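Listing of input-v5.txt, compact mmCIF, C-alpha atoms
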# COMPACT_ATOMS: atom_id res chain seq x y z
CA MET A 64 0.00 0.00 0.00
CA ARG A 65 1.37 3.41 -1.01
CA PHE A 66 1.08 6.41 1.31
CA PRO A 67 -0.13 9.69 -0.13
CA THR A 68 2.79 12.03 -0.77
CA SER A 69 1.75 14.44 2.00
CA LEU A 70 1.63 11.63 4.59
CA ALA A 71 4.99 10.29 3.48
CA LEU A 72 6.56 13.72 3.82
CA ALA A 73 4.98 14.16 7.24
CA ALA A 74 6.40 10.80 8.36
CA LEU A 75 9.86 11.79 7.14
CA SER A 76 9.56 15.12 8.93
CA VAL A 77 8.70 13.46 12.25
CA ALA A 78 11.60 11.02 11.84
CA ALA A 79 13.96 13.91 11.20
CA VAL A 80 12.75 15.78 14.28
CA ARG A 81 13.21 12.68 16.43
CA ALA A 82 16.71 11.90 15.15
CA ASP A 83 19.62 12.33 17.54
CA LYS A 84 21.94 15.21 16.69
CA ALA A 85 25.63 15.68 17.45
CA VAL A 86 26.72 19.19 18.47
CA LEU A 87 30.26 20.44 19.11
CA VAL A 88 30.56 21.88 22.64
CA VAL A 89 34.25 22.84 22.77
CA GLY A 90 37.27 21.89 20.75
CA PRO A 91 39.40 22.86 17.77
CA ASP A 92 36.53 24.23 15.67
CA SER A 93 34.61 25.94 18.48
CA ALA A 94 34.72 29.48 19.84
CA ASP A 95 37.04 28.30 22.62
CA PRO A 96 39.43 25.71 21.15
CA LYS A 97 41.91 25.45 24.03
CA VAL A 98 41.14 21.94 25.25
CA THR A 99 43.77 19.25 25.89
CA GLN A 100 42.97 15.55 26.20
CA PRO A 101 39.49 15.77 27.81
CA PHE A 102 38.94 12.51 29.66
CA ALA A 103 35.64 12.85 31.50
CA VAL A 104 32.69 15.21 31.91
CA ASP A 105 30.30 15.90 34.80
CA PHE A 106 27.83 18.58 35.76
CA GLY A 107 27.24 21.02 38.61
CA LYS A 108 25.75 24.39 39.48
CA VAL A 109 27.10 27.73 40.62
CA GLY A 110 24.06 29.43 42.09
CA LYS A 111 21.33 28.83 39.54
CA ARG A 112 23.75 28.55 36.65
CA GLU A 113 24.59 25.09 35.34
CA VAL A 114 28.27 24.39 34.74
CA ILE A 115 29.92 21.62 32.75
CA TYR A 116 33.14 20.34 34.31
CA PHE A 117 35.80 18.22 32.66
CA VAL A 118 39.29 16.97 33.43
CA GLU A 119 42.28 17.09 31.11
CA MET A 120 44.78 14.27 31.12
CA VAL A 121 48.38 14.28 29.80
CA GLY A 122 49.42 17.75 28.66
CA GLY A 123 46.51 19.35 30.45
CA GLU A 124 46.53 18.26 34.11
CA ARG A 125 43.67 20.62 34.90
CA LEU A 126 40.07 20.68 36.09
CA ARG A 127 38.13 22.99 33.80
CA ALA A 128 34.63 24.38 33.46
CA ILE A 129 32.43 25.42 30.56
CA ASP A 130 30.20 28.29 31.63
CA ALA A 131 26.75 29.14 30.28
CA ASP A 132 28.31 31.41 27.62
CA GLY A 133 30.38 28.50 26.30
CA LYS A 134 33.68 29.89 27.54
CA VAL A 135 36.24 27.55 29.11
CA ARG A 136 37.99 28.49 32.35
CA THR A 137 40.41 26.66 34.62
CA VAL A 138 39.07 25.72 38.06
CA ALA A 139 42.09 23.82 39.40
CA GLY A 140 45.58 22.92 38.29
CA THR A 141 48.65 24.73 37.03
CA GLY A 142 48.92 22.58 33.92
CA LYS A 143 52.13 21.13 35.31
CA LYS A 144 52.38 17.48 36.33
CA GLY A 145 53.07 17.03 40.03
CA ASP A 146 51.63 16.25 43.45
CA THR A 147 50.89 19.16 45.75
CA THR A 148 49.27 17.90 48.94
CA ALA A 149 51.08 19.60 51.84
CA ASP A 150 48.44 22.26 52.41
CA PRO A 151 45.07 20.56 53.04
CA HIS A 152 43.28 23.75 52.02
CA GLY A 153 45.57 24.65 49.15
CA ASN A 154 44.74 27.13 46.42
CA ALA A 155 43.05 25.14 43.64
CA LEU A 156 44.77 27.07 40.87
CA LYS A 157 48.17 26.21 42.37
CA ALA A 158 47.41 22.49 42.62
CA GLU A 159 49.35 19.94 40.62
CA PHE A 160 47.91 16.66 39.36
CA ASN A 161 49.28 13.58 37.70
CA GLY A 162 47.04 11.94 35.14
CA MET A 163 43.52 12.75 36.32
CA HIS A 164 41.15 10.29 34.65
CA ASN A 165 37.72 11.31 35.85
CA LEU A 166 35.60 13.25 38.31
CA ALA A 167 32.36 13.11 40.27
CA VAL A 168 30.34 16.18 41.24
CA THR A 169 27.99 16.13 44.24
CA LYS A 170 24.58 17.80 44.43
CA ASP A 171 26.05 20.55 46.62
CA GLY A 172 28.76 21.27 44.06
CA ARG A 173 31.85 19.60 45.53
CA ILE A 174 34.06 18.06 42.84
CA TYR A 175 35.90 14.79 43.54
CA LEU A 176 38.91 14.02 41.33
CA ALA A 177 40.60 10.73 40.51
CA ASP A 178 44.24 11.87 40.68
CA THR A 179 45.30 8.58 39.18
CA PHE A 180 49.07 8.42 39.07
CA ASN A 181 49.33 10.16 42.44
CA ASN A 182 47.28 7.26 43.81
CA ARG A 183 44.90 9.71 45.45
CA ILE A 184 41.37 11.05 45.43
CA ARG A 185 41.08 14.78 46.00
CA ALA A 186 38.22 17.25 46.23
CA CYS A 187 37.85 20.76 44.90
CA ASP A 188 35.57 23.37 46.45
CA PRO A 189 34.84 25.57 43.42
CA PHE A 190 33.17 28.25 45.54
CA ARG A 191 36.09 28.87 47.91
CA HIS A 192 38.70 27.82 45.35
CA TYR A 193 40.67 25.32 47.40
CA MET A 194 41.67 21.66 47.28
CA MET A 195 41.16 19.03 49.97
CA PRO A 196 42.64 15.54 50.39
CA VAL A 197 40.05 12.75 50.45
CA ALA A 198 41.66 9.34 50.08
CA GLY A 199 45.06 7.77 49.56
CA THR A 200 48.42 8.40 51.15
CA GLY A 201 50.08 8.89 47.79
CA GLN A 202 52.08 5.73 48.35
CA LYS A 203 51.36 3.14 45.66
CA GLY A 204 50.23 -0.07 47.33
CA PHE A 205 47.33 -1.93 48.86
CA ALA A 206 46.37 -1.16 52.43
CA GLY A 207 43.70 0.41 54.56
CA ASP A 208 40.60 -1.76 54.24
CA GLY A 209 38.68 -1.29 57.47
CA ASP A 210 40.47 1.98 58.16
CA THR A 211 39.75 5.54 57.06
CA ALA A 212 40.33 6.65 53.49
CA ASP A 213 43.19 9.03 54.33
CA LYS A 214 45.22 6.06 55.61
CA ALA A 215 44.47 3.78 52.66
CA GLU A 216 46.88 2.92 49.88
CA PHE A 217 45.74 2.59 46.28
CA SER A 218 47.46 1.64 43.05
CA GLN A 219 46.18 4.08 40.43
CA THR A 220 42.79 5.51 41.37
CA ILE A 221 41.65 5.40 37.77
CA CYS A 222 37.92 5.95 38.19
CA ILE A 223 35.53 7.07 40.92
CA ALA A 224 31.73 7.04 41.05
CA LEU A 225 29.16 8.06 43.61
CA THR A 226 25.93 6.21 44.30
CA PRO A 227 22.81 8.28 43.48
CA ASP A 228 22.29 8.96 47.20
CA GLU A 229 25.97 9.98 47.50
CA LYS A 230 26.45 7.73 50.53
CA THR A 231 29.15 5.61 48.89
CA MET A 232 32.01 6.29 46.52
CA TYR A 233 33.33 3.41 44.44
CA VAL A 234 36.93 3.39 43.28
CA ALA A 235 38.34 1.40 40.38
CA ASP A 236 41.71 0.56 41.95
CA ILE A 237 43.12 -0.80 38.73
CA GLY A 238 46.68 -1.54 39.84
CA ASN A 239 45.33 -3.64 42.71
CA LYS A 240 42.78 -5.35 40.44
CA ARG A 241 40.03 -4.42 42.88
CA VAL A 242 36.99 -2.22 43.18
CA ARG A 243 36.85 -0.54 46.56
CA ALA A 244 34.19 1.44 48.40
CA ILE A 245 34.44 4.50 50.63
CA ASP A 246 31.62 5.15 53.09
CA MET A 247 31.16 8.90 52.70
CA ALA A 248 29.92 9.31 56.29
CA THR A 249 32.55 7.30 58.16
CA ARG A 250 35.29 7.40 55.46
CA ALA A 251 35.81 3.67 55.97
CA VAL A 252 37.33 1.76 53.05
CA SER A 253 36.40 -1.77 51.95
CA THR A 254 36.78 -4.01 48.91
CA ILE A 255 33.64 -5.04 47.03
CA ALA A 256 35.20 -6.93 44.12
CA GLY A 257 38.53 -8.52 43.25
CA THR A 258 41.15 -10.48 45.13
CA GLY A 259 44.22 -8.74 43.74
CA LYS A 260 44.85 -11.60 41.33
CA GLY A 261 44.22 -11.27 37.62
CA GLY A 262 41.57 -13.36 35.94
CA VAL A 263 38.01 -13.63 34.68
CA PRO A 264 35.48 -13.91 37.52
CA LYS A 265 32.99 -16.78 37.63
CA ASP A 266 29.36 -15.81 37.22
CA GLY A 267 27.21 -16.00 40.33
CA GLU A 268 30.09 -16.08 42.81
CA PRO A 269 30.79 -13.53 45.57
CA ALA A 270 32.62 -10.66 43.90
CA LYS A 271 35.09 -10.29 46.78
CA ASP A 272 36.27 -13.87 46.20
CA GLN A 273 36.75 -13.57 42.44
CA PRO A 274 39.64 -12.16 40.39
CA LEU A 275 39.33 -9.23 38.01
CA VAL A 276 41.32 -8.62 34.84
CA ASP A 277 41.77 -4.85 35.14
CA PRO A 278 38.83 -2.78 36.42
CA ARG A 279 39.07 0.43 34.41
CA ALA A 280 35.77 2.09 35.28
CA VAL A 281 32.89 1.78 37.70
CA ALA A 282 29.32 3.11 37.99
CA ALA A 283 26.46 2.49 40.42
CA ASP A 284 22.71 2.57 39.87
CA GLY A 285 19.94 3.18 42.39
CA GLN A 286 19.06 -0.50 42.81
CA GLY A 287 22.31 -1.59 44.45
CA ASN A 288 24.07 -2.72 41.27
CA VAL A 289 27.68 -1.75 40.65
CA TYR A 290 28.91 -1.98 37.05
CA ILE A 291 32.59 -2.71 36.42
CA LEU A 292 34.17 -2.18 33.01
CA GLU A 293 37.37 -4.10 32.25
CA ARG A 294 39.81 -2.60 29.77
CA SER A 295 41.83 -5.60 28.59
CA GLY A 296 39.06 -7.89 29.82
CA HIS A 297 36.93 -6.31 27.05
CA ALA A 298 33.81 -6.85 29.12
CA LEU A 299 31.19 -5.25 31.32
CA ARG A 300 30.40 -6.95 34.62
CA VAL A 301 27.92 -6.22 37.39
CA VAL A 302 27.97 -6.83 41.12
CA ASP A 303 24.39 -7.10 42.35
CA LYS A 304 23.07 -5.97 45.72
CA ALA A 305 23.74 -9.47 47.10
CA GLY A 306 27.44 -9.06 46.22
CA LYS A 307 27.44 -11.62 43.39
CA ILE A 308 29.27 -10.87 40.16
CA ARG A 309 28.45 -11.78 36.57
CA THR A 310 29.50 -10.73 33.09
CA VAL A 311 26.72 -8.97 31.16
CA ALA A 312 28.38 -7.72 27.96
CA GLY A 313 31.45 -8.43 25.88
CA THR A 314 33.11 -11.59 24.61
CA GLY A 315 36.29 -11.15 26.64
CA LYS A 316 38.32 -10.76 23.46
CA ALA A 317 39.16 -7.57 21.59
CA GLY A 318 36.90 -7.08 18.61
CA LYS A 319 34.20 -5.02 16.99
CA GLY A 320 30.52 -5.45 16.22
CA GLY A 321 27.45 -7.15 17.58
CA ASP A 322 25.27 -4.06 17.94
CA GLY A 323 21.59 -4.91 18.10
CA GLY A 324 22.28 -8.45 19.21
CA PRO A 325 22.95 -10.34 22.44
CA ALA A 326 25.23 -8.36 24.74
CA LEU A 327 27.49 -11.32 25.49
CA LYS A 328 28.23 -11.66 21.77
CA ALA A 329 29.01 -7.98 21.28
CA ALA A 330 32.76 -7.43 21.00
CA MET A 331 34.58 -4.46 22.58
CA ASN A 332 38.12 -3.18 22.27
CA GLY A 333 39.76 -1.58 25.26
CA PRO A 334 36.66 0.10 26.74
CA LYS A 335 37.58 2.85 29.18
CA PHE A 336 34.50 4.40 30.81
CA VAL A 337 31.01 3.52 31.96
CA SER A 338 28.07 5.60 33.19
CA LEU A 339 24.34 5.29 33.73
CA ASP A 340 21.63 6.84 31.60
CA LYS A 341 18.35 8.04 33.10
CA ASP A 342 16.51 4.89 31.97
CA GLY A 343 18.99 2.60 33.74
CA SER A 344 20.83 1.61 30.58
CA VAL A 345 24.61 1.61 30.69
CA LEU A 346 26.74 3.82 28.44
CA ILE A 347 30.17 2.53 27.45
CA ALA A 348 33.08 4.43 25.95
CA ASP A 349 34.44 1.68 23.69
CA THR A 350 37.66 3.59 23.33
CA GLU A 351 39.78 1.61 20.89
CA ASN A 352 36.74 1.05 18.65
CA HIS A 353 36.20 4.84 18.69
CA GLN A 354 32.53 4.42 19.57
CA ILE A 355 29.97 5.00 22.31
CA ARG A 356 27.72 2.02 22.96
CA ARG A 357 24.82 1.17 25.24
CA TYR A 358 24.10 -1.99 27.25
CA VAL A 359 20.37 -2.43 27.94
CA PRO A 360 19.60 -4.50 31.06
CA GLY A 361 16.51 -6.65 30.74
CA LYS A 362 16.81 -6.80 26.95
CA GLU A 363 20.46 -7.92 27.39
CA THR A 364 21.50 -6.22 24.17
CA VAL A 365 24.17 -3.75 23.08
CA GLU A 366 23.32 -0.80 20.84
CA LEU A 367 25.46 1.72 18.97
CA VAL A 368 25.08 5.33 20.16
CA ALA A 369 27.82 7.25 18.34
CA GLY A 370 30.92 6.75 16.21
CA THR A 371 31.62 5.11 12.88
CA GLY A 372 34.21 2.75 14.33
CA LYS A 373 36.87 4.49 12.28
CA LYS A 374 39.38 6.67 14.12
CA GLY A 375 39.18 10.19 12.81
CA GLY A 376 38.09 13.76 13.31
CA HIS A 377 35.35 14.22 10.72
CA PHE A 378 32.38 15.95 12.35
CA ASP A 379 28.87 14.99 11.36
CA THR A 380 25.61 15.94 13.03
CA ASP A 381 24.48 12.32 12.71
CA PRO A 382 26.08 10.67 15.79
CA LYS A 383 26.55 7.39 13.94
CA LYS A 384 28.41 9.16 11.12
CA LEU A 385 30.55 11.14 13.55
CA GLU A 386 34.20 10.10 13.70
CA LEU A 387 35.70 9.84 17.19
CA SER A 388 39.29 9.37 18.28
CA ARG A 389 39.73 7.28 21.43
CA PRO A 390 36.84 8.69 23.49
CA HIS A 391 37.42 8.19 27.22
CA GLY A 392 34.21 9.53 28.72
CA VAL A 393 30.45 9.69 28.23
CA SER A 394 28.02 11.23 30.72
CA VAL A 395 24.35 12.21 30.80
CA HIS A 396 23.27 15.74 31.64
CA PRO A 397 20.92 15.45 34.64
CA THR A 398 18.48 18.06 33.35
CA THR A 399 18.46 17.80 29.56
CA GLY A 400 19.34 14.11 29.20
CA GLU A 401 21.90 15.01 26.53
CA LEU A 402 24.97 12.77 26.25
CA TYR A 403 28.36 14.44 26.56
CA ILE A 404 31.31 12.64 24.98
CA ALA A 405 34.93 13.34 25.89
CA ASP A 406 36.46 12.82 22.42
CA SER A 407 39.93 12.68 23.88
CA ASP A 408 42.40 12.48 21.02
CA ASN A 409 40.41 14.99 18.98
CA GLY A 410 40.67 17.44 21.87
CA ARG A 411 36.96 18.16 21.89
CA ILE A 412 33.72 17.58 23.77
CA VAL A 413 30.66 16.66 21.76
CA LYS A 414 27.08 16.37 22.95
CA VAL A 415 24.31 14.23 21.49
CA VAL A 416 20.94 15.96 21.63
CA ARG A 417 18.13 13.46 21.71
Turn this file's structure into structure tokens for me.
Amino acid sequence: MRFPTSLALAALSVAAVRADKAVLVVGPDSADPKVTQPFAVDFGKVGKREVIYFVEMVGGERLRAIDADGKVRTVAGTGKKGDTTADPHGNALKAEFNGMHNLAVTKDGRIYLADTFNNRIRACDPFRHYMMPVAGTGQKGFAGDGDTADKAEFSQTICIALTPDEKTMYVADIGNKRVRAIDMATRAVSTIAGTGKGGVPKDGEPAKDQPLVDPRAVAADGQGNVYILERSGHALRVVDKAGKIRTVAGTGKAGKGGDGGPALKAAMNGPKFVSLDKDGSVLIADTENHQIRRYVPGKETVELVAGTGKKGGHFDTDPKKLELSRPHGVSVHPTTGELYIADSDNGRIVKVVR
């Protein structure tokens, strides 16, 4: 049956309106191009104004903000690699970092930073412009479970994530092959997954008794599930509220493809970041495939969100025709629901308007 021309055009118009659209936020072709290796994005407020925060990795070593006018400013960091921790209330703009990988912003505006190669977690108060120590002695090692976070030792605090109620912070302690938790009220540290030995965990077993390959990123939902993304494990795993672990996406081998099909048959290649969308689905920065993908619990499928799979810098408003270059972060704006992608090697941040 053929549709009348007017109906066909109307259908095409609706489809066009509903299509996702990629928009450049900052980067080489924007009004403010001075961005170096953006690795992760999160969101906060200064008064009633919404602010987009991001961290810069190698060559940047700064915490930066995008204000409502689209201008980029530095919130913390000199741009020089180092480790300034002597003054617990040090000037944020005089702080030095070493390989910050991501950040987590609280509802009251405090910004937690994964100061990875300093083996620390630090906090920035953007209102009073000073830095505070949170966790880690700076000594690379494994110690401190059962003690307070300031006495704990970590081995590369590569990713941090807060639970929705902000009562717990999870830390991907990649060098120790563990995921650890910090009680934000008592500051007590514990391990929730990993034994310190490398290996693929067995489904259905207590996560604390199972090995991990290399936990690169972590995210928590509101139902007690903690998602763990493994870089060279090429897989997404989940620890449920009973503390049992299972693999939910990825074949365990580096590869590409499988979108639209069973999640356990979808191949990944060096995925580096994970976050939760508003509907409970899980966004994955599939870094070495230069794509953003989505795991859908319940359906147990993986879907393509953005990226052609080809490394490059070509910009296209169609997210699936957009070329990315080793994206390390993807986060959802809490108000608009837009996806923000840290397109790291292209030195830009892109948002997907839905």
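Atom CA of Tyr233 of chain A is found 21.6 Å from atom CA of Ile404 of chain A.
For the atom pair formed by atom CA of Gly313 of chain A and atom CA of Asp284 of chain A, the distance is 19.8 Å, given to one decimal.
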**Item:** Neighbour list for segment 111-122 of chain A as a PyMOL selection string, cut-off 6 Å, all atoms listed in the file, skip fewer than 5 positions in-chain
**Value:** chain A and resi 99-106+127-130+162-163
**Request:** Just give me the residues with any atom within 10 Å of (21.9, 22.1, 46.0), file coordinates, counting all atoms listed in the file, written as a PyMOL selection string.
**Result:** chain A and resi 107-111+169-172
**Prompt:** Got a sec to check which residues sit within 10 Å of (40.6, 2.0, 46.9), counting all atoms listed in the file, and write them as a VMD selection string?
**Reply:** chain A and resid 182 to 184 198 to 199 204 to 208 212 215 to 223 232 to 239 241 to 245 252 to 255
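Pairwise distance (atom CA of Gly375 of chain A, atom CA of Gly400 of chain A) equals 26.0 Å.
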